[in-house]
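Listing of data-v3.txt; format and content: compact mmCIF, C-alpha atoms.
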```txt
# COMPACT_ATOMS: atom_id res chain seq x y z
CA MET A 1 33.03 -42.88 -5.08
CA SER A 2 31.31 -39.96 -6.81
CA ALA A 3 28.62 -40.77 -9.32
CA VAL A 4 29.31 -39.83 -12.93
CA LEU A 5 26.41 -38.41 -14.87
CA LYS A 6 25.99 -39.27 -18.49
CA PRO A 7 25.99 -36.24 -20.84
CA GLY A 8 22.28 -36.66 -21.57
CA ALA A 9 21.41 -36.92 -17.88
CA ALA A 10 23.47 -33.80 -17.11
CA SER A 11 21.64 -31.72 -19.72
CA THR A 12 18.27 -33.02 -18.47
CA ALA A 13 19.18 -32.03 -14.90
CA ALA A 14 20.26 -28.58 -16.09
CA ARG A 15 16.99 -28.06 -17.95
CA GLY A 16 15.07 -29.14 -14.84
CA ALA A 17 16.97 -26.64 -12.72
CA VAL A 18 16.08 -23.87 -15.18
CA ARG A 19 12.42 -24.84 -15.15
CA ARG A 20 12.18 -24.95 -11.34
CA LYS A 21 11.99 -21.22 -10.65
CA PRO A 22 11.40 -19.97 -7.10
CA LEU A 23 7.74 -19.29 -6.33
CA LEU A 24 8.33 -15.52 -6.08
CA LEU A 25 9.73 -15.49 -9.63
CA SER A 26 6.94 -17.61 -11.07
CA PRO A 27 4.90 -16.00 -13.89
CA ALA A 28 1.79 -16.82 -11.85
CA ALA A 29 2.96 -14.90 -8.75
CA LYS A 30 1.86 -11.44 -9.89
CA PRO A 31 -1.58 -12.50 -11.18
CA LEU A 32 -2.14 -14.37 -7.91
CA LEU A 33 -1.18 -11.31 -5.88
CA PHE A 34 -3.46 -9.16 -8.06
CA VAL A 35 -6.42 -11.42 -7.27
CA LEU A 36 -5.60 -11.45 -3.55
CA CYS A 37 -5.41 -7.65 -3.48
CA LEU A 38 -8.86 -7.44 -5.10
CA LEU A 39 -10.51 -9.68 -2.49
CA PRO A 40 -11.33 -6.84 -0.05
CA PHE A 41 -12.98 -4.92 -2.90
CA ALA A 42 -14.94 -8.03 -3.94
CA TRP A 43 -16.07 -8.58 -0.34
CA LEU A 44 -17.24 -4.96 -0.01
CA PHE A 45 -18.96 -5.02 -3.41
CA TYR A 46 -20.81 -8.21 -2.48
CA GLY A 47 -21.69 -6.80 0.93
CA ALA A 48 -23.18 -3.67 -0.66
CA TYR A 49 -25.11 -5.77 -3.19
CA ALA A 50 -26.37 -8.31 -0.65
CA ASN A 51 -26.95 -5.70 2.07
CA THR A 52 -24.73 -7.48 4.60
CA LEU A 53 -22.65 -4.48 5.71
CA GLY A 54 -24.69 -3.78 8.82
CA ALA A 55 -27.08 -1.05 9.90
CA ASN A 56 -25.04 1.70 8.25
CA PRO A 57 -23.61 0.34 4.98
CA ALA A 58 -22.41 3.79 3.84
CA GLU A 59 -20.24 4.19 6.94
CA ALA A 60 -19.01 0.59 6.59
CA LEU A 61 -17.87 1.24 3.00
CA ILE A 62 -16.16 4.51 3.87
CA ARG A 63 -14.38 3.08 6.91
CA SER A 64 -13.41 -0.21 5.26
CA THR A 65 -11.88 1.38 2.15
CA GLY A 66 -9.93 3.73 4.42
CA ASP A 67 -8.72 0.81 6.53
CA TRP A 68 -7.53 -1.08 3.46
CA THR A 69 -5.70 2.00 2.18
CA LEU A 70 -3.69 2.17 5.40
CA ARG A 71 -3.10 -1.58 5.38
CA PHE A 72 -1.77 -1.55 1.83
CA LEU A 73 0.50 1.37 2.64
CA CYS A 74 1.93 -0.62 5.56
CA ILE A 75 2.32 -3.73 3.39
CA THR A 76 4.07 -1.70 0.68
CA LEU A 77 6.50 -0.23 3.21
CA SER A 78 7.20 -3.69 4.60
CA VAL A 79 8.52 -5.04 1.28
CA THR A 80 12.05 -3.58 1.57
CA PRO A 81 12.78 -4.70 5.15
CA LEU A 82 11.22 -8.12 4.49
CA ARG A 83 13.36 -8.46 1.37
CA GLN A 84 16.48 -7.93 3.45
CA TRP A 85 15.43 -9.93 6.51
CA THR A 86 14.39 -12.95 4.45
CA LYS A 87 17.15 -12.53 1.82
CA GLN A 88 14.50 -12.67 -0.91
CA PRO A 89 15.30 -9.90 -3.42
CA ALA A 90 12.43 -11.11 -5.64
CA LEU A 91 9.96 -9.52 -3.19
CA ALA A 92 10.82 -6.13 -4.73
CA ARG A 93 8.92 -7.03 -7.91
CA PHE A 94 5.61 -6.83 -5.99
CA ARG A 95 6.13 -3.42 -4.36
CA ARG A 96 4.77 -1.38 -7.28
CA MET A 97 1.55 -3.39 -7.48
CA LEU A 98 0.99 -3.12 -3.73
CA GLY A 99 1.51 0.64 -3.83
CA LEU A 100 -0.94 1.00 -6.72
CA PHE A 101 -3.53 -1.00 -4.79
CA ALA A 102 -3.09 1.40 -1.86
CA PHE A 103 -3.97 4.18 -4.32
CA PHE A 104 -6.90 2.15 -5.69
CA TYR A 105 -8.40 1.82 -2.21
CA VAL A 106 -7.85 5.48 -1.31
CA VAL A 107 -9.68 6.47 -4.51
CA LEU A 108 -12.55 4.19 -3.46
CA HIS A 109 -12.42 5.75 0.03
CA PHE A 110 -12.70 9.28 -1.36
CA LEU A 111 -15.44 8.29 -3.83
CA ALA A 112 -17.41 6.58 -1.06
CA TYR A 113 -17.17 9.72 1.09
CA SER A 114 -18.05 12.01 -1.85
CA TRP A 115 -21.01 9.92 -2.99
CA LEU A 116 -22.45 8.26 0.10
CA ASP A 117 -21.70 10.99 2.63
CA MET A 118 -21.87 14.15 0.51
CA GLY A 119 -24.16 13.13 -2.36
CA LEU A 120 -21.52 14.13 -4.95
CA ASP A 121 -22.20 17.78 -4.09
CA LEU A 122 -18.90 19.45 -5.03
CA ASP A 123 -19.65 22.68 -3.17
CA ALA A 124 -20.52 20.76 -0.02
CA ILE A 125 -17.33 18.68 -0.30
CA VAL A 126 -15.17 21.80 -0.75
CA ARG A 127 -16.77 23.40 2.31
CA ASP A 128 -16.68 20.23 4.42
CA ILE A 129 -13.03 19.20 4.06
CA PRO A 130 -11.32 22.35 5.45
CA LYS A 131 -13.62 22.65 8.47
CA ARG A 132 -12.94 19.12 9.75
CA PRO A 133 -9.26 18.50 10.64
CA PHE A 134 -9.44 14.72 10.16
CA ALA A 135 -10.95 15.20 6.69
CA LEU A 136 -8.33 17.80 5.74
CA VAL A 137 -5.48 15.51 6.85
CA GLY A 138 -6.98 12.56 4.97
CA PHE A 139 -7.51 14.62 1.82
CA THR A 140 -3.92 15.87 1.99
CA ALA A 141 -2.69 12.27 2.19
CA PHE A 142 -4.86 11.44 -0.85
CA LEU A 143 -3.36 14.34 -2.83
CA LEU A 144 0.18 13.20 -1.95
CA MET A 145 -0.59 9.74 -3.29
CA ILE A 146 -1.56 11.03 -6.74
CA PRO A 147 1.99 11.85 -7.94
CA LEU A 148 3.23 8.57 -6.44
CA ALA A 149 0.69 6.57 -8.46
CA ALA A 150 1.21 8.69 -11.58
CA THR A 151 4.97 8.00 -11.57
CA SER A 152 4.86 4.31 -10.70
CA PHE A 153 5.88 3.30 -14.21
CA ASN A 154 9.19 2.69 -15.96
CA ARG A 155 8.72 5.64 -18.33
CA ALA A 156 8.27 7.99 -15.38
CA ILE A 157 11.46 6.70 -13.77
CA LYS A 158 13.38 7.32 -17.00
CA ALA A 159 11.83 10.76 -17.47
CA LEU A 160 12.52 11.91 -13.91
CA GLY A 161 15.83 10.14 -13.44
CA ALA A 162 16.36 7.58 -10.70
CA LYS A 163 17.52 10.07 -8.07
CA ARG A 164 14.63 12.51 -8.54
CA TRP A 165 12.16 9.62 -8.71
CA GLN A 166 13.44 8.22 -5.42
CA THR A 167 13.21 11.66 -3.80
CA LEU A 168 9.61 12.08 -5.00
CA HIS A 169 8.60 8.66 -3.71
CA LYS A 170 9.77 9.53 -0.22
CA LEU A 171 6.40 11.29 -0.02
CA VAL A 172 5.06 7.88 0.95
CA TYR A 173 6.40 8.44 4.47
CA ALA A 174 4.44 11.69 4.86
CA THR A 175 1.42 10.00 3.30
CA VAL A 176 1.35 7.08 5.71
CA LEU A 177 1.86 9.33 8.76
CA LEU A 178 -0.97 11.60 7.64
CA GLY A 179 -3.09 8.50 7.05
CA LEU A 180 -2.37 7.33 10.59
CA LEU A 181 -3.28 10.78 11.99
CA HIS A 182 -6.50 10.72 9.96
CA PHE A 183 -7.31 7.29 11.40
CA PHE A 184 -6.43 8.46 14.94
CA TRP A 185 -8.84 11.42 14.74
CA MET A 186 -11.55 9.17 13.33
CA ARG A 187 -11.19 6.78 16.28
CA ALA A 188 -10.85 9.61 18.82
CA ALA A 189 -14.54 10.45 18.31
CA LYS A 190 -15.39 7.03 19.77
CA ASN A 191 -12.43 6.90 22.16
CA ASN A 192 -11.29 3.66 20.51
CA PHE A 193 -7.54 3.53 19.96
CA ALA A 194 -6.86 -0.22 19.90
CA GLU A 195 -6.48 -0.46 16.11
CA VAL A 196 -4.63 2.84 15.97
CA SER A 197 -2.05 1.46 18.40
CA VAL A 198 -1.48 -1.59 16.18
CA TYR A 199 -0.88 0.54 13.08
CA ALA A 200 1.32 2.94 15.04
CA ALA A 201 3.45 0.02 16.29
CA VAL A 202 3.80 -1.44 12.79
CA LEU A 203 4.78 1.92 11.33
CA ALA A 204 7.21 2.58 14.18
CA VAL A 205 9.04 -0.65 13.26
CA LEU A 206 8.99 0.02 9.51
CA LEU A 207 10.06 3.66 9.73
CA GLY A 208 12.46 3.00 12.60
CA TRP A 209 14.22 0.37 10.48
CA ARG A 210 14.64 2.92 7.68
CA VAL A 211 16.06 5.53 10.04
CA ARG A 212 18.50 2.94 11.38
CA GLU A 213 19.57 1.98 7.85
CA ALA A 214 20.06 5.64 6.91
CA LEU A 215 22.27 6.17 9.97
CA LEU A 216 24.33 3.01 9.39
CA ARG A 217 24.92 3.61 5.69
CA PRO A 218 27.53 6.40 6.07
CA ARG A 219 29.42 4.31 8.64
CA ALA A 220 29.45 1.33 6.27
CA ARG A 221 30.88 3.52 3.49
CA ALA A 222 33.50 4.94 5.84
CA GLY A 223 34.46 1.44 6.96
```
Representation of the structure as structure tokens:
Amino acid sequence: MSAVLKPGAASTAARGAVRRKPLLLSPAAKPLLFVLCLLPFAWLFYGAYANTLGANPAEALIRSTGDWTLRFLCITLSVTPLRQWTKQPALARFRRMLGLFAFFYVVLHFLAYSWLDMGLDLDAIVRDIPKRPFALVGFTAFLLMIPLAATSFNRAIKALGAKRWQTLHKLVYATVLLGLLHFFWMRAAKNNFAEVSVYAAVLAVLLGWRVREALLRPRARAG
């Protein structure tokens, strides 16, 4: 026999179902992610203050902020495939924040280079970037990220139109490939490609998935 719920019990159960939102849709999810994304910055700030970044703290800050830029770019690109693989559409609500944190860390990376390596000497920076290929590639990636960050808001989407906005934000693919090339040339000086191989493999999966989706989409429409 099926149990019969009293009217009061039914309304209570309905209210409970409304209250029990999935974790990804919780109001606390975004603030928690924000704090987690700031942890690398907090660790580097403490390390600089406490002098625990090793024999060359300037190099440690420059390299670490660059590493976290590339990591956040990879994490941002992973949101869409993860959303589909896990059938969790709510993951999309975190993509903008992750992309903006990638920009936050690349700004720190450029500031660390400009201040700690070049002493904030603008003329020296302008002369240095073009003569070193890895620096030129990295600076180009930084410039490409500026319009992406500047248009990561609802007003920008409305102003540009969804189609133009999506076209503009495809620059992220060029950005992440230039970032990987920048990282490769940095590691080539020490003949250390272990980390580069990991990033290359991750990006091959993420970009390969997108190419596959783009190829399958016309067939799906035709079918």
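Neighbours of stretch 27-31 of chain A closer than or equal to 12 Å, with only C-alpha atoms counted and sequence neighbours fewer than 2 positions away skipped, come out as Arg19, Arg20, Lys21, Pro22, Leu23, Leu24, Leu25, Leu33, Phe34, Val35, Leu36, Cys37, Leu38, Ala90, Leu91, Ala92, Arg93, Phe94, Arg95, Arg96, Met97 and Leu98 of chain A.
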When you count all atoms listed in the file, which of these residues is closest to A:Leu203: A:Ala141, A:Leu32, A:Val172, A:Ala55?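 With all atoms listed in the file as the atom set, the closest residue is A:Val172.
Minimum atom-to-atom distances from A:Phe139, A:Tyr173, A:Phe193, A:Phe183 to A:Trp68 were compared using only C-alpha atoms, and the lowest value belongs to A:Phe183.
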Could you jot down the atom CA of A:Thr76 to atom CA of A:Leu143 separation for me, Å, one decimal place?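 Value for the atom CA of A:Thr76-atom CA of A:Leu143 distance: 18.0 Å.
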Which residues are near stretch 151-164 of chain A? Cut-off 9 Å, only C-alpha atoms, ignore same chain within fewer than 2 positions. Put them as a PDB file with C-alpha atoms, in the coordinates of the input.
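So out-v1.pdb came out as:
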```pdb
ATOM      1  CA  ARG A  96       4.770  -1.380  -7.280  1.00  0.00           C
ATOM      2  CA  MET A  97       1.550  -3.390  -7.480  1.00  0.00           C
ATOM      3  CA  GLY A  99       1.510   0.640  -3.830  1.00  0.00           C
ATOM      4  CA  LEU A 100      -0.940   1.000  -6.720  1.00  0.00           C
ATOM      5  CA  ILE A 146      -1.560  11.030  -6.740  1.00  0.00           C
ATOM      6  CA  PRO A 147       1.990  11.850  -7.940  1.00  0.00           C
ATOM      7  CA  LEU A 148       3.230   8.570  -6.440  1.00  0.00           C
ATOM      8  CA  ALA A 149       0.690   6.570  -8.460  1.00  0.00           C
ATOM      9  CA  GLN A 166      13.440   8.220  -5.420  1.00  0.00           C
ATOM     10  CA  THR A 167      13.210  11.660  -3.800  1.00  0.00           C
ATOM     11  CA  LEU A 168       9.610  12.080  -5.000  1.00  0.00           C
ATOM     12  CA  HIS A 169       8.600   8.660  -3.710  1.00  0.00           C
TER      13      HIS A 169
END
```
Distance in Å - atom CA of A:Tyr105 versus atom CA of A:Val211: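 Pair atom CA of A:Tyr105 / atom CA of A:Val211 returns 27.6 Å.
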Identify, on the basis of all atoms listed in the file, every residue whose closest approach to stretch 107-116 of chain A does not exceed 6 Å; exclude the query and any residue fewer than 6 positions from it along the same chain; express the result as an NGL selection string. :A and (58 or 62 or 65-66)
Using C-alpha atoms, can you export the residues from the last selection as a short mmCIF file (atom, residue, chain, number, x, y, z; two decimals), keeping the file's coordinate frame?
```cif
data_model
loop_
_atom_site.label_atom_id
_atom_site.label_comp_id
_atom_site.auth_asym_id
_atom_site.auth_seq_id
_atom_site.Cartn_x
_atom_site.Cartn_y
_atom_site.Cartn_z
CA ALA A 58 -22.41 3.79 3.84
CA ILE A 62 -16.16 4.51 3.87
CA THR A 65 -11.88 1.38 2.15
CA GLY A 66 -9.93 3.73 4.42
#
```
Please identify all polymer residues within 8 Å of A:Met186, counting only C-alpha atoms, omitting same-chain residues fewer than 4 positions from it, and present them as an MDAnalysis selection string. chainID A and resid 134 182 190
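With atom CA of A:Lys87 on one side and atom CA of A:Val202 on the other, the separation reads 20.5 Å.
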With only C-alpha atoms as the atoms that count, which of A:Leu61, A:Leu180, A:Cys74, A:Ala135 lies nearest to A:Leu206? A:Cys74
Quick one: of A:Asn192, A:Asp121, A:Tyr199, A:Leu177, who's nearest to A:Ile75, counting all atoms listed in the file?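 Closest candidate: A:Tyr199.
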